[in-house]
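As provided, start-v2.csv (CSV, C-alpha atoms and all ligand atoms) reads as follows.
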chain,number,residue,atom,x,y,z
A,10,MET,CA,-33.5,38.2,-83.0
A,11,ARG,CA,-31.5,41.4,-83.1
A,12,SER,CA,-29.6,41.8,-86.4
A,13,ALA,CA,-25.8,42.0,-86.5
A,14,ALA,CA,-26.1,45.5,-87.8
A,15,MET,CA,-28.2,46.6,-84.9
A,16,ALA,CA,-25.9,45.0,-82.4
A,17,PHE,CA,-22.9,46.7,-84.0
A,18,SER,CA,-24.6,50.1,-83.9
A,19,CYS,CA,-24.7,50.2,-80.1
A,20,PRO,CA,-21.7,52.3,-79.0
A,21,LEU,CA,-21.2,50.3,-75.8
A,22,ARG,CA,-21.1,47.0,-77.7
A,23,ARG,CA,-18.6,48.5,-80.1
A,24,ARG,CA,-16.4,49.6,-77.2
A,25,GLY,CA,-16.6,46.1,-75.9
A,26,ILE,CA,-18.3,47.2,-72.6
A,27,VAL,CA,-21.5,45.3,-73.1
A,28,ALA,CA,-21.5,41.5,-73.3
A,29,ALA,CA,-23.2,40.1,-76.4
A,30,THR,CA,-26.6,38.6,-75.4
A,31,GLY,CA,-27.5,35.0,-76.0
A,32,PRO,CA,-30.0,33.6,-78.5
A,33,GLU,CA,-33.6,34.6,-78.2
A,34,ILE,CA,-35.5,32.3,-75.9
A,35,ASP,CA,-39.2,31.6,-75.8
A,36,ASN,CA,-40.3,31.2,-72.3
A,37,GLY,CA,-43.9,31.2,-73.1
A,38,TYR,CA,-46.5,28.7,-72.2
A,39,PRO,CA,-45.9,26.1,-74.9
A,40,CYS,CA,-48.9,24.0,-74.1
A,41,ALA,CA,-51.0,23.1,-77.1
A,42,PRO,CA,-54.6,24.4,-77.0
A,43,PRO,CA,-57.1,21.7,-76.0
A,44,PRO,CA,-59.3,20.2,-78.6
A,45,ARG,CA,-62.3,22.2,-79.7
A,46,ASN,CA,-64.7,19.8,-78.1
A,47,GLN,CA,-63.5,20.5,-74.6
A,48,ARG,CA,-65.2,23.9,-74.3
A,49,ARG,CA,-66.7,23.6,-70.8
A,50,MET,CA,-63.7,22.4,-68.9
A,51,LEU,CA,-60.4,23.1,-70.7
A,52,LYS,CA,-57.6,20.9,-69.6
A,53,PRO,CA,-54.1,21.6,-70.9
A,54,PRO,CA,-51.0,19.4,-70.4
A,55,ARG,CA,-50.0,17.9,-67.1
A,56,LEU,CA,-46.6,19.5,-66.7
A,57,TYR,CA,-48.0,23.0,-66.2
A,58,TRP,CA,-50.9,21.7,-64.3
A,59,ASN,CA,-48.4,20.3,-61.8
A,60,LEU,CA,-46.5,23.6,-61.7
A,61,MET,CA,-49.8,25.5,-60.8
A,62,ARG,CA,-50.6,22.8,-58.3
A,63,THR,CA,-47.2,23.4,-56.6
A,64,ARG,CA,-48.0,27.1,-56.4
A,65,VAL,CA,-51.4,26.5,-54.8
A,66,ARG,CA,-49.9,24.1,-52.4
A,67,ALA,CA,-47.2,26.7,-51.5
A,68,ILE,CA,-49.9,29.1,-50.6
A,69,TYR,CA,-51.7,26.5,-48.4
A,70,ALA,CA,-48.4,25.6,-46.7
A,71,GLY,CA,-48.1,29.1,-45.4
A,72,LEU,CA,-51.5,29.4,-43.8
A,73,THR,CA,-51.7,29.9,-40.1
A,74,GLU,CA,-55.4,28.9,-40.0
A,75,PRO,CA,-56.7,26.2,-42.4
A,76,VAL,CA,-59.4,27.1,-45.0
A,77,ASP,CA,-61.5,25.0,-47.3
A,78,VAL,CA,-61.1,27.2,-50.3
A,79,ILE,CA,-59.3,30.4,-51.3
A,80,ALA,CA,-61.3,32.6,-53.6
A,81,LEU,CA,-59.5,35.2,-55.7
A,82,SER,CA,-61.9,37.7,-57.2
A,83,ASN,CA,-61.0,40.4,-59.7
A,84,SER,CA,-62.9,43.6,-60.1
A,85,THR,CA,-62.4,46.1,-62.9
A,86,ASP,CA,-58.9,47.0,-64.2
A,87,PRO,CA,-56.7,48.1,-62.4
A,88,HIS,CA,-58.3,46.3,-59.5
A,89,ILE,CA,-57.1,42.9,-60.7
A,90,ASP,CA,-55.5,40.5,-58.3
A,91,MET,CA,-52.1,39.4,-59.8
A,92,SER,CA,-52.4,36.2,-57.7
A,93,PHE,CA,-55.2,35.2,-60.0
A,94,PHE,CA,-52.5,34.9,-62.7
A,95,TYR,CA,-50.0,33.3,-60.3
A,96,ALA,CA,-52.5,30.5,-59.6
A,97,THR,CA,-53.8,30.1,-63.2
A,98,GLY,CA,-50.7,30.9,-65.3
A,99,VAL,CA,-52.9,32.4,-68.0
A,100,PRO,CA,-50.5,34.5,-70.0
A,101,THR,CA,-52.8,37.0,-71.8
A,102,GLY,CA,-56.1,38.7,-71.1
A,103,LEU,CA,-57.5,41.1,-68.6
A,104,PHE,CA,-60.0,38.9,-66.7
A,105,GLU,CA,-62.1,41.6,-65.2
A,106,GLY,CA,-64.8,40.2,-62.9
A,107,CYS,CA,-63.2,36.7,-63.0
A,108,ALA,CA,-62.5,34.5,-60.0
A,109,ALA,CA,-60.3,31.6,-59.2
A,110,PHE,CA,-60.9,28.9,-56.6
A,111,LEU,CA,-57.9,27.2,-55.0
A,112,TYR,CA,-58.3,24.1,-52.9
A,113,PRO,CA,-56.1,22.5,-50.2
A,114,SER,CA,-55.2,19.5,-52.5
A,115,GLY,CA,-53.6,22.0,-55.0
A,116,ARG,CA,-56.5,21.6,-57.3
A,117,ALA,CA,-57.9,24.9,-58.8
A,118,HIS,CA,-60.3,26.2,-61.4
A,119,PHE,CA,-61.3,29.6,-62.5
A,120,LEU,CA,-64.1,31.5,-64.1
A,121,THR,CA,-63.8,33.5,-67.3
A,122,SER,CA,-66.1,35.6,-69.5
A,123,ALA,CA,-66.4,34.8,-73.2
A,124,LEU,CA,-64.0,37.8,-73.7
A,125,GLU,CA,-61.1,35.8,-72.5
A,126,GLU,CA,-62.1,32.3,-73.5
A,127,GLU,CA,-59.2,31.9,-75.9
A,128,SER,CA,-56.7,33.1,-73.4
A,129,ALA,CA,-58.2,30.9,-70.7
A,130,ARG,CA,-57.5,27.9,-73.0
A,131,LYS,CA,-53.8,28.6,-72.6
A,132,SER,CA,-53.9,28.1,-68.9
A,133,PRO,CA,-53.0,24.7,-67.5
A,134,VAL,CA,-55.8,25.2,-65.0
A,135,PRO,CA,-59.4,24.3,-66.0
A,136,ALA,CA,-61.7,27.2,-66.7
A,137,LYS,CA,-65.5,27.6,-66.8
A,138,VAL,CA,-67.0,30.2,-69.1
A,139,PHE,CA,-69.8,32.2,-67.7
A,140,ARG,CA,-72.5,33.4,-70.1
A,141,ASN,CA,-74.1,36.2,-68.0
A,142,ARG,CA,-74.2,37.8,-64.6
A,143,ASP,CA,-76.6,35.2,-63.1
A,144,HIS,CA,-74.5,32.3,-64.5
A,145,ARG,CA,-71.4,33.9,-63.1
A,146,GLN,CA,-72.8,34.2,-59.6
A,147,LYS,CA,-74.1,30.6,-59.8
A,148,LEU,CA,-70.5,29.5,-60.7
A,149,ILE,CA,-69.0,31.5,-57.8
A,150,ALA,CA,-71.5,29.9,-55.4
A,151,ALA,CA,-70.6,26.5,-56.8
A,152,GLY,CA,-66.9,27.3,-56.2
A,153,LEU,CA,-67.6,28.1,-52.6
A,154,ALA,CA,-70.0,25.2,-52.1
A,155,ALA,CA,-69.8,23.5,-48.7
A,156,ALA,CA,-66.9,25.8,-47.5
A,157,LYS,CA,-67.0,26.6,-43.8
A,158,LYS,CA,-63.9,28.7,-44.1
A,159,VAL,CA,-63.1,30.8,-47.2
A,160,GLY,CA,-59.7,32.4,-47.6
A,161,ILE,CA,-59.5,35.8,-49.3
A,162,ASN,CA,-56.6,38.0,-50.5
A,163,ALA,CA,-57.5,41.0,-48.4
A,164,GLY,CA,-54.7,43.2,-49.8
A,165,GLU,CA,-56.1,42.9,-53.3
A,166,ILE,CA,-59.8,42.3,-53.3
A,167,THR,CA,-62.2,45.3,-53.5
A,168,HIS,CA,-64.9,45.7,-50.8
A,169,ARG,CA,-67.6,45.2,-53.4
A,170,ALA,CA,-66.1,41.9,-54.6
A,171,PHE,CA,-65.7,40.7,-51.0
A,172,SER,CA,-69.4,41.6,-50.3
A,173,GLU,CA,-70.4,39.6,-53.3
A,174,LEU,CA,-68.4,36.5,-52.0
A,175,LYS,CA,-70.1,36.8,-48.6
A,176,LYS,CA,-73.5,36.9,-50.3
A,177,LEU,CA,-72.8,33.8,-52.4
A,178,ALA,CA,-70.9,31.7,-49.8
A,179,PRO,CA,-72.8,29.0,-47.8
A,180,ARG,CA,-74.6,30.4,-44.8
A,181,GLY,CA,-72.4,30.9,-41.8
A,182,ALA,CA,-69.1,30.6,-43.7
A,183,LYS,CA,-66.2,32.4,-42.1
A,184,PHE,CA,-63.8,34.5,-44.1
A,185,ILE,CA,-60.1,34.5,-43.4
A,186,ASP,CA,-57.4,36.8,-44.7
A,187,VAL,CA,-54.8,34.6,-46.4
A,188,SER,CA,-52.8,37.5,-48.0
A,189,ALA,CA,-49.7,36.8,-45.9
A,190,ALA,CA,-49.5,33.3,-47.2
A,191,ILE,CA,-50.0,34.4,-50.8
A,192,VAL,CA,-47.3,37.0,-50.5
A,193,GLN,CA,-44.9,34.5,-48.9
A,194,ALA,CA,-45.5,32.0,-51.7
A,195,ARG,CA,-45.1,34.6,-54.5
A,196,LEU,CA,-41.8,35.8,-53.0
A,197,VAL,CA,-40.1,32.6,-53.9
A,198,LYS,CA,-40.0,32.2,-57.7
A,199,ASP,CA,-40.2,28.9,-59.6
A,200,ALA,CA,-38.3,28.1,-62.7
A,201,GLN,CA,-41.0,29.4,-65.0
A,202,GLU,CA,-41.2,32.7,-63.2
A,203,ILE,CA,-37.4,33.1,-63.2
A,204,ALA,CA,-37.2,32.5,-66.9
A,205,LEU,CA,-39.9,35.2,-67.5
A,206,LEU,CA,-38.2,37.6,-65.2
A,207,ARG,CA,-34.9,37.0,-66.8
A,208,ARG,CA,-36.4,37.8,-70.2
A,209,SER,CA,-38.1,40.9,-68.9
A,210,CYS,CA,-34.8,42.1,-67.4
A,211,GLN,CA,-33.0,41.4,-70.6
A,212,ILE,CA,-35.5,43.4,-72.7
A,213,ALA,CA,-35.1,46.5,-70.4
A,214,SER,CA,-31.3,46.2,-70.3
A,215,GLU,CA,-31.0,46.0,-74.1
A,216,ALA,CA,-33.5,48.9,-74.5
A,217,PHE,CA,-31.3,51.1,-72.3
A,218,GLU,CA,-28.2,50.4,-74.4
A,219,GLU,CA,-30.0,51.0,-77.7
A,220,ILE,CA,-31.4,54.4,-76.8
A,221,LEU,CA,-28.1,55.8,-75.5
A,222,PRO,CA,-27.2,57.4,-78.8
A,223,HIS,CA,-30.5,59.4,-78.6
A,224,LEU,CA,-29.6,61.0,-75.2
A,225,ARG,CA,-28.5,64.4,-76.5
A,226,PRO,CA,-28.8,68.0,-75.3
A,227,GLY,CA,-32.2,69.4,-76.3
A,228,VAL,CA,-34.1,66.2,-76.2
A,229,ARG,CA,-37.1,66.3,-73.8
A,230,GLU,CA,-37.5,63.9,-70.9
A,231,TYR,CA,-40.8,62.6,-72.2
A,232,GLU,CA,-39.2,61.9,-75.6
A,233,VAL,CA,-36.6,59.7,-73.9
A,234,ALA,CA,-39.3,57.9,-71.9
A,235,ALA,CA,-41.3,57.2,-75.1
A,236,ASP,CA,-38.2,56.0,-76.8
A,237,LEU,CA,-37.5,53.5,-74.0
A,238,VAL,CA,-41.0,52.1,-74.0
A,239,HIS,CA,-41.1,51.9,-77.7
A,240,THR,CA,-37.8,50.0,-77.8
A,241,MET,CA,-38.9,47.6,-75.1
A,242,GLN,CA,-42.1,46.8,-77.0
A,243,ARG,CA,-40.2,46.2,-80.2
A,244,LYS,CA,-38.3,43.6,-78.3
A,245,GLY,CA,-41.5,41.8,-77.2
A,246,ALA,CA,-42.6,43.6,-74.1
A,247,THR,CA,-46.3,44.0,-73.6
A,248,GLY,CA,-45.6,47.4,-72.3
A,249,ALA,CA,-43.8,49.2,-69.5
A,250,SER,CA,-44.1,47.7,-66.0
A,251,PHE,CA,-44.7,51.2,-64.5
A,252,SER,CA,-44.6,54.8,-65.6
A,253,THR,CA,-41.1,55.5,-66.9
A,254,ILE,CA,-39.0,58.0,-65.0
A,255,VAL,CA,-36.6,60.2,-66.9
A,256,GLY,CA,-35.4,62.9,-64.5
A,257,SER,CA,-32.8,65.3,-65.8
A,258,GLY,CA,-30.8,68.0,-64.0
A,259,PRO,CA,-32.6,69.0,-60.7
A,260,ASN,CA,-35.4,66.6,-61.5
A,261,SER,CA,-33.0,63.7,-61.0
A,262,ALA,CA,-33.0,64.5,-57.3
A,263,GLU,CA,-36.6,63.4,-57.0
A,264,PRO,CA,-36.8,59.6,-56.7
A,265,HIS,CA,-40.4,59.2,-57.9
A,266,TYR,CA,-40.5,61.8,-60.6
A,267,THR,CA,-42.0,60.7,-63.9
A,268,ALA,CA,-40.9,62.5,-67.1
A,269,GLY,CA,-41.7,66.0,-67.9
A,270,GLU,CA,-41.0,68.6,-70.6
A,271,ARG,CA,-37.5,69.6,-69.5
A,272,ARG,CA,-34.9,69.3,-72.2
A,273,LEU,CA,-31.6,67.6,-71.4
A,274,ARG,CA,-28.7,69.9,-71.0
A,275,ARG,CA,-24.9,69.5,-71.0
A,276,GLY,CA,-23.7,68.7,-67.5
A,277,ASP,CA,-27.0,67.1,-66.4
A,278,PHE,CA,-27.4,63.9,-64.4
A,279,VAL,CA,-30.2,62.0,-66.1
A,280,VAL,CA,-31.9,59.2,-64.0
A,281,LEU,CA,-33.7,56.7,-66.2
A,282,ASP,CA,-35.9,54.3,-64.1
A,283,PHE,CA,-38.0,52.0,-66.1
A,284,GLY,CA,-39.0,48.3,-66.7
A,285,ALA,CA,-40.6,45.9,-69.1
A,286,LEU,CA,-43.7,43.9,-68.7
A,287,TYR,CA,-43.1,40.5,-70.3
A,288,ARG,CA,-45.9,37.9,-70.2
A,289,ARG,CA,-47.1,39.6,-67.0
A,290,TYR,CA,-43.6,39.6,-65.3
A,291,CYS,CA,-41.9,42.9,-64.4
A,292,SER,CA,-38.4,44.2,-64.6
A,293,ASP,CA,-37.2,47.4,-62.8
A,294,ILE,CA,-33.9,49.0,-63.7
A,295,THR,CA,-32.4,52.4,-63.1
A,296,ARG,CA,-29.3,53.9,-64.8
A,297,THR,CA,-27.9,57.4,-64.3
A,298,VAL,CA,-25.9,59.0,-67.0
A,299,VAL,CA,-24.2,62.4,-67.5
A,300,ILE,CA,-24.8,64.5,-70.6
A,301,GLY,CA,-21.3,65.5,-71.6
A,302,ARG,CA,-18.4,65.3,-69.1
A,303,ALA,CA,-19.0,64.5,-65.4
A,304,SER,CA,-17.8,67.0,-62.8
A,305,ARG,CA,-15.7,65.9,-59.9
A,306,LYS,CA,-18.7,66.0,-57.6
A,307,GLN,CA,-20.9,64.0,-60.0
A,308,LYS,CA,-18.2,61.3,-60.2
A,309,GLU,CA,-17.9,61.3,-56.4
A,310,ILE,CA,-21.7,60.8,-56.0
A,311,TYR,CA,-21.9,58.2,-58.7
A,312,GLU,CA,-18.9,56.2,-57.4
A,313,THR,CA,-20.4,56.3,-53.8
A,314,VAL,CA,-23.7,54.9,-55.0
A,315,ALA,CA,-21.9,52.2,-57.1
A,316,ARG,CA,-19.9,51.2,-54.0
A,317,ALA,CA,-23.1,51.1,-51.9
A,318,GLN,CA,-24.8,48.8,-54.5
A,319,ALA,CA,-21.8,46.5,-54.6
A,320,ALA,CA,-21.7,46.2,-50.8
A,321,ALA,CA,-25.5,45.3,-50.7
A,322,GLN,CA,-25.0,42.9,-53.5
A,323,GLU,CA,-22.4,41.1,-51.5
A,324,ARG,CA,-25.0,40.6,-48.7
A,325,MET,CA,-27.8,39.4,-50.9
A,326,ARG,CA,-27.5,35.8,-49.8
A,327,GLU,CA,-29.7,33.1,-48.5
A,328,GLY,CA,-30.4,33.5,-44.7
A,329,VAL,CA,-29.5,37.2,-44.5
A,330,VAL,CA,-32.2,39.5,-43.1
A,331,GLY,CA,-33.5,42.4,-45.3
A,332,LYS,CA,-32.5,45.2,-42.9
A,333,ASP,CA,-28.9,43.9,-42.9
A,334,VAL,CA,-28.8,44.1,-46.7
A,335,ASP,CA,-30.1,47.7,-46.6
A,336,ALA,CA,-27.5,48.5,-43.9
A,337,ALA,CA,-24.7,47.4,-46.1
A,338,ALA,CA,-25.5,50.0,-48.7
A,339,ARG,CA,-26.6,52.7,-46.2
A,340,ASP,CA,-23.4,52.4,-44.2
A,341,VAL,CA,-21.4,53.2,-47.4
A,342,ILE,CA,-23.4,56.3,-48.1
A,343,ASP,CA,-23.6,57.5,-44.5
A,344,ALA,CA,-19.8,57.2,-44.3
A,345,SER,CA,-19.5,59.6,-47.3
A,346,PRO,CA,-20.1,63.4,-47.5
A,347,TYR,CA,-23.7,62.4,-48.6
A,348,LYS,CA,-24.8,61.1,-45.3
A,349,GLY,CA,-28.6,61.0,-45.0
A,350,ARG,CA,-29.1,61.5,-48.7
A,351,PHE,CA,-30.2,57.9,-49.3
A,352,ILE,CA,-33.9,58.6,-48.6
A,353,HIS,CA,-35.6,55.4,-49.5
A,354,GLY,CA,-35.4,51.6,-48.9
A,355,LEU,CA,-32.7,49.6,-50.7
A,356,GLY,CA,-35.1,47.4,-52.7
A,357,HIS,CA,-38.2,45.4,-53.1
A,358,SER,CA,-39.3,42.0,-54.3
A,359,ILE,CA,-40.3,41.9,-58.0
A,360,GLY,CA,-42.4,39.5,-60.0
A,361,LEU,CA,-46.0,39.7,-61.2
A,362,ALA,CA,-46.0,43.1,-59.6
A,363,VAL,CA,-43.2,45.7,-59.6
A,364,HIS,CA,-43.6,45.8,-55.8
A,365,ASP,CA,-44.2,42.1,-55.2
A,366,GLY,CA,-44.6,42.0,-51.4
A,367,GLY,CA,-41.3,42.0,-49.6
A,368,GLY,CA,-39.0,44.9,-49.0
A,369,LEU,CA,-35.3,45.5,-48.2
A,370,ASN,CA,-35.3,48.5,-45.9
A,371,THR,CA,-34.2,49.7,-42.5
A,372,VAL,CA,-36.9,47.7,-40.7
A,373,SER,CA,-37.2,44.6,-42.9
A,374,THR,CA,-37.2,41.3,-41.0
A,375,LEU,CA,-37.6,39.3,-44.2
A,376,THR,CA,-35.1,36.5,-44.5
A,377,LEU,CA,-33.7,36.1,-48.0
A,378,LYS,CA,-34.3,32.7,-49.6
A,379,ARG,CA,-33.1,31.0,-52.7
A,380,ASN,CA,-35.1,32.0,-55.8
A,381,MET,CA,-36.3,35.3,-54.4
A,382,VAL,CA,-35.8,38.3,-56.7
A,383,PHE,CA,-35.2,41.8,-55.4
A,384,SER,CA,-34.2,45.1,-56.7
A,385,ASN,CA,-30.9,46.5,-55.3
A,386,GLU,CA,-31.3,50.3,-55.8
A,387,PRO,CA,-29.4,52.7,-53.6
A,388,GLY,CA,-29.4,56.4,-54.4
A,389,ILE,CA,-28.1,59.8,-53.4
A,390,TYR,CA,-30.3,62.8,-53.9
A,391,VAL,CA,-29.0,66.3,-53.5
A,392,PRO,CA,-31.9,68.8,-53.8
A,393,ARG,CA,-31.5,71.4,-56.7
A,394,PHE,CA,-28.2,69.7,-57.7
A,395,GLY,CA,-29.3,66.3,-58.9
A,396,GLY,CA,-29.4,62.6,-57.9
A,397,VAL,CA,-28.0,59.2,-58.8
A,398,ARG,CA,-29.7,55.9,-58.5
A,399,ILE,CA,-28.3,52.6,-59.8
A,400,GLU,CA,-30.9,49.8,-59.7
A,401,ASP,CA,-30.6,46.1,-60.7
A,402,ASP,CA,-32.9,43.1,-60.3
A,403,VAL,CA,-31.1,40.3,-58.4
A,404,LEU,CA,-31.8,36.6,-58.1
A,405,ILE,CA,-30.9,35.0,-54.8
A,406,THR,CA,-29.2,31.7,-55.3
A,407,ALA,CA,-27.6,29.0,-53.2
A,408,THR,CA,-24.3,30.7,-53.8
A,409,LYS,CA,-23.6,34.1,-55.4
A,410,PRO,CA,-26.5,36.5,-56.1
A,411,ARG,CA,-27.1,36.9,-59.9
A,412,PHE,CA,-27.9,40.1,-61.7
A,413,LEU,CA,-30.9,39.6,-64.0
A,414,THR,CA,-30.5,43.1,-65.4
A,415,THR,CA,-27.3,43.3,-67.4
A,416,ALA,CA,-26.8,46.9,-68.7
A,417,THR,CA,-23.5,48.4,-67.9
A,418,ARG,CA,-23.2,50.0,-64.4
A,419,GLU,CA,-20.2,52.2,-65.4
A,420,LEU,CA,-20.7,56.0,-65.3
A,421,LEU,CA,-21.5,56.9,-68.9
A,422,GLU,CA,-20.6,60.4,-70.1
A,423,LEU,CA,-22.6,60.9,-73.3
A,501,MN,MN,-37.5,49.7,-58.0

Render the structure in this file as structure tokens.
Amino acid sequence: MRSAAMAFSCPLRRRGIVAATGPEIDNGYPCAPPPRNQRRMLKPPRLYWNLMRTRVRAIYAGLTEPVDVIALSNSTDPHIDMSFFYATGVPTGLFEGCAAFLYPSGRAHFLTSALEEESARKSPVPAKVFRNRDHRQKLIAAGLAAAKKVGINAGEITHRAFSELKKLAPRGAKFIDVSAAIVQARLVKDAQEIALLRRSCQIASEAFEEILPHLRPGVREYEVAADLVHTMQRKGATGASFSTIVGSGPNSAEPHYTAGERRLRRGDFVVLDFGALYRRYCSDITRTVVIGRASRKQKEIYETVARAQAAAQERMREGVVGKDVDAAARDVIDASPYKGRFIHGLGHSIGLAVHDGGGLNTVSTLTLKRNMVFSNEPGIYVPRFGGVRIEDDVLITATKPRFLTTATRELLEL
């Protein structure tokens, strides 16, 4: 819980710009650990088991060709399939070399090493602990037993892990890429996912507001980045959801800059693009501020991006196609003196991964559905001068789209 003194110390809050945040919520996985005697098959409560079953069924519902089992196999970090966590709900742990098996009934189980046995207990899905390499391979073979068709997540599995599955599957088994169905299922978030995303977005939004007093001439970009990540972790984030971008002055004109040694100077645009990782769920927010007073040109650029974002926001509704959302923002920018300076897509789906599958861009044929979450992030980049990006994470609902990121979108002159 943030203390009253801390809340009051935020200049935006004092000026009444920022809405007070609600009480701390715990959206964790409140299932009690199973009794000690259930060490081989760990079975947590039914409610979350049902939630996981719904996710597995959602994947199967999107298949174009039926399969007998879907095998998700992790390699070594960072080659971990986030869908493993989508299907198991296990909130902590790395799970290198672990595998999950999902069946058409919605039933699932997964394999874990002894390293993550305690984390595995927190999953509503039953886990089997492998003791060594041979035992692990035996359990993988058992998971694939009798399967004639095995689904794999081709976009995430390594070639080595795939070769291993082929070796351990029944003779003659056919392998089918089910990645499209997995992406499709993951695009639509359930209540648990939305709660975690909301918290992740709240942490990032609050962190931005809290570090504002530290944005002063002379401070280096990487110091600002460290400050943001530190602040997010103090609020409960596991870490940053991606490498923090702090681009000042001319560096703000490069959309995928990271953070360098440059010191902030009076008159700079500073683009801060960052996000929190909260119980595996990502947020992604960008704010652009001016150090000192904004020039007329800076105000014009900022105001154009803000209008573009608002126009896209208005179109983020159920049934609208991705490219039409992108066009709403692009049309605003292309009708301004900054035509052609919006050099990337408008946004992307966000969830267990920062780029979670779907995109909103000039060629996107994705139809927006209720409970999808996308970033809305138009920008204008003027080489050698600087750039502005405003990015928020947005929940598609049955009615109006909702901002999950809440930090002020006004142009701040610091
Ligand atoms: Mn983004």

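Take CA of Pro259 in chain A and CA of Lys306 in chain A: the distance between them is 14.6 Å.
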
- Could you check how far CA of Arg145 in chain A sits from CA of Pro179 in chain A, in Å to one decimal?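 These two atoms are separated by 16.1 Å.
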
- Task: Work out how far CA of Thr406 in chain A is from CA of Val382 in chain A, in Å to one decimal.
- Result: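 Between these atoms lies a distance of 9.4 Å.
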
- Task: Please identify all polymer residues within 8 Å of Arg379 in chain A, counting only C-alpha atoms, omitting same-chain residues fewer than 4 positions from it, and present them as a list in words.
- Result: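 What passes the distance filter is Val197, Arg326, Glu327, Leu404, Ile405, Thr406 and Ala407 of chain A.
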
Export of prior selection with C-alpha atoms as a short mmCIF file (atom, residue, chain, number, x, y, z; two decimals), in the coordinates of the input:
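Okay, this is what ended up in out_23.cif:
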data_model
loop_
_atom_site.label_atom_id
_atom_site.label_comp_id
_atom_site.auth_asym_id
_atom_site.auth_seq_id
_atom_site.Cartn_x
_atom_site.Cartn_y
_atom_site.Cartn_z
CA VAL A 197 -40.10 32.60 -53.90
CA ARG A 326 -27.50 35.80 -49.80
CA GLU A 327 -29.70 33.10 -48.50
CA LEU A 404 -31.80 36.60 -58.10
CA ILE A 405 -30.90 35.00 -54.80
CA THR A 406 -29.20 31.70 -55.30
CA ALA A 407 -27.60 29.00 -53.20
#

- Message: My list of candidates is A:Val363, A:Leu60, A:Ala70, A:Ala249. Which is closest to ligand MN 501 (chain A) when distances are computed with all atoms listed in the file?
- Response: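 Counting all atoms listed in the file, the residue closest to ligand MN 501 (chain A) is A:Val363.
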
- Using only C-alpha atoms and all ligand atoms: which of A:Pro133, A:Gly102, A:Gly356, A:Gly160 has the shortest distance to ligand MN 501 (chain A):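 Smallest separation from ligand MN 501 (chain A) among the options: A:Gly356.
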
- So which residues are near ligand MN 501 (chain A), meaning at most 9 Å away with all atoms listed in the file counted, given back as a list in words?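 Checking all atoms listed in the file against ligand MN 501 (chain A) at 9 Å gives Asp282, Phe283, Gly284, Ser292, Asp293, Ile294, Thr295, Leu355, Gly356, His357, Ser358, Ile359, Val363, His364, Phe383, Ser384, Asn385, Glu386, Glu400, Asp401 and Asp402 of chain A.
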
Selection near Gly360 in chain A, 6 Å with all atoms listed in the file, sequence-local residues under 2 positions removed, as a short mmCIF file (atom, residue, chain, number, x, y, z; two decimals) with C-alpha atoms, in the coordinates of the input:
data_model
loop_
_atom_site.label_atom_id
_atom_site.label_comp_id
_atom_site.auth_asym_id
_atom_site.auth_seq_id
_atom_site.Cartn_x
_atom_site.Cartn_y
_atom_site.Cartn_z
CA TYR A 290 -43.60 39.60 -65.30
CA CYS A 291 -41.90 42.90 -64.40
CA ALA A 362 -46.00 43.10 -59.60
CA ASP A 365 -44.20 42.10 -55.20
#

- Residue with smallest distance to Arg116 in chain A - pool A:Ile68, A:Met61, A:Leu273, A:Val233, counting all atoms listed in the file: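 So, comparing all the options, the nearest one is A:Met61.
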
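Of the residues under consideration (A:Glu105, A:Gly395, A:Phe184, A:Ala216), A:Phe184 shows the shortest atom-to-atom contact distance to Ser172 in chain A when counting all atoms listed in the file.
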
- 12 Å contact set for range 166-171 of chain A, all atoms listed in the file, chain neighbours under 5 positions out, as a PyMOL selection string: chain A and resi 80-93+105-108+146+149+159-161+176-178+184-188

- Using all atoms listed in the file: which of A:Val78, A:Met325, A:Val238, A:Ala129 has the shortest distance to Thr97 in chain A: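 Checking each of A:Val78, A:Met325, A:Val238, A:Ala129 against Thr97 in chain A, counting all atoms listed in the file, the winner is A:Ala129.
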
- Closest to Ala268 in chain A among A:Val372, A:Ile342, A:Val280, A:Ile254, using only C-alpha atoms? A:Ile254

Residue completion, range 176-182 of chain A, N, CA and C atoms, as a PDB file, in the coordinates of the input:
ATOM      1  N   LYS A 176     -72.095  37.142 -49.927  1.00  0.00           N
ATOM      2  CA  LYS A 176     -73.500  36.900 -50.300  1.00  0.00           C
ATOM      3  C   LYS A 176     -73.648  35.495 -50.910  1.00  0.00           C
ATOM      4  N   LEU A 177     -72.624  35.063 -51.663  1.00  0.00           N
ATOM      5  CA  LEU A 177     -72.800  33.800 -52.400  1.00  0.00           C
ATOM      6  C   LEU A 177     -72.220  32.589 -51.682  1.00  0.00           C
ATOM      7  N   ALA A 178     -71.500  32.823 -50.569  1.00  0.00           N
ATOM      8  CA  ALA A 178     -70.900  31.700 -49.800  1.00  0.00           C
ATOM      9  C   ALA A 178     -72.031  31.000 -49.018  1.00  0.00           C
ATOM     10  N   PRO A 179     -71.775  29.751 -48.612  1.00  0.00           N
ATOM     11  CA  PRO A 179     -72.800  29.000 -47.800  1.00  0.00           C
ATOM     12  C   PRO A 179     -73.050  29.839 -46.508  1.00  0.00           C
ATOM     13  N   ARG A 180     -74.237  29.735 -46.012  1.00  0.00           N
ATOM     14  CA  ARG A 180     -74.600  30.400 -44.800  1.00  0.00           C
ATOM     15  C   ARG A 180     -73.683  30.105 -43.636  1.00  0.00           C
ATOM     16  N   GLY A 181     -73.238  31.118 -42.942  1.00  0.00           N
ATOM     17  CA  GLY A 181     -72.400  30.900 -41.800  1.00  0.00           C
ATOM     18  C   GLY A 181     -70.903  30.733 -42.100  1.00  0.00           C
ATOM     19  N   ALA A 182     -70.548  30.802 -43.382  1.00  0.00           N
ATOM     20  CA  ALA A 182     -69.100  30.600 -43.700  1.00  0.00           C
ATOM     21  C   ALA A 182     -68.293  31.748 -43.125  1.00  0.00           C
TER      22      ALA A 182
END
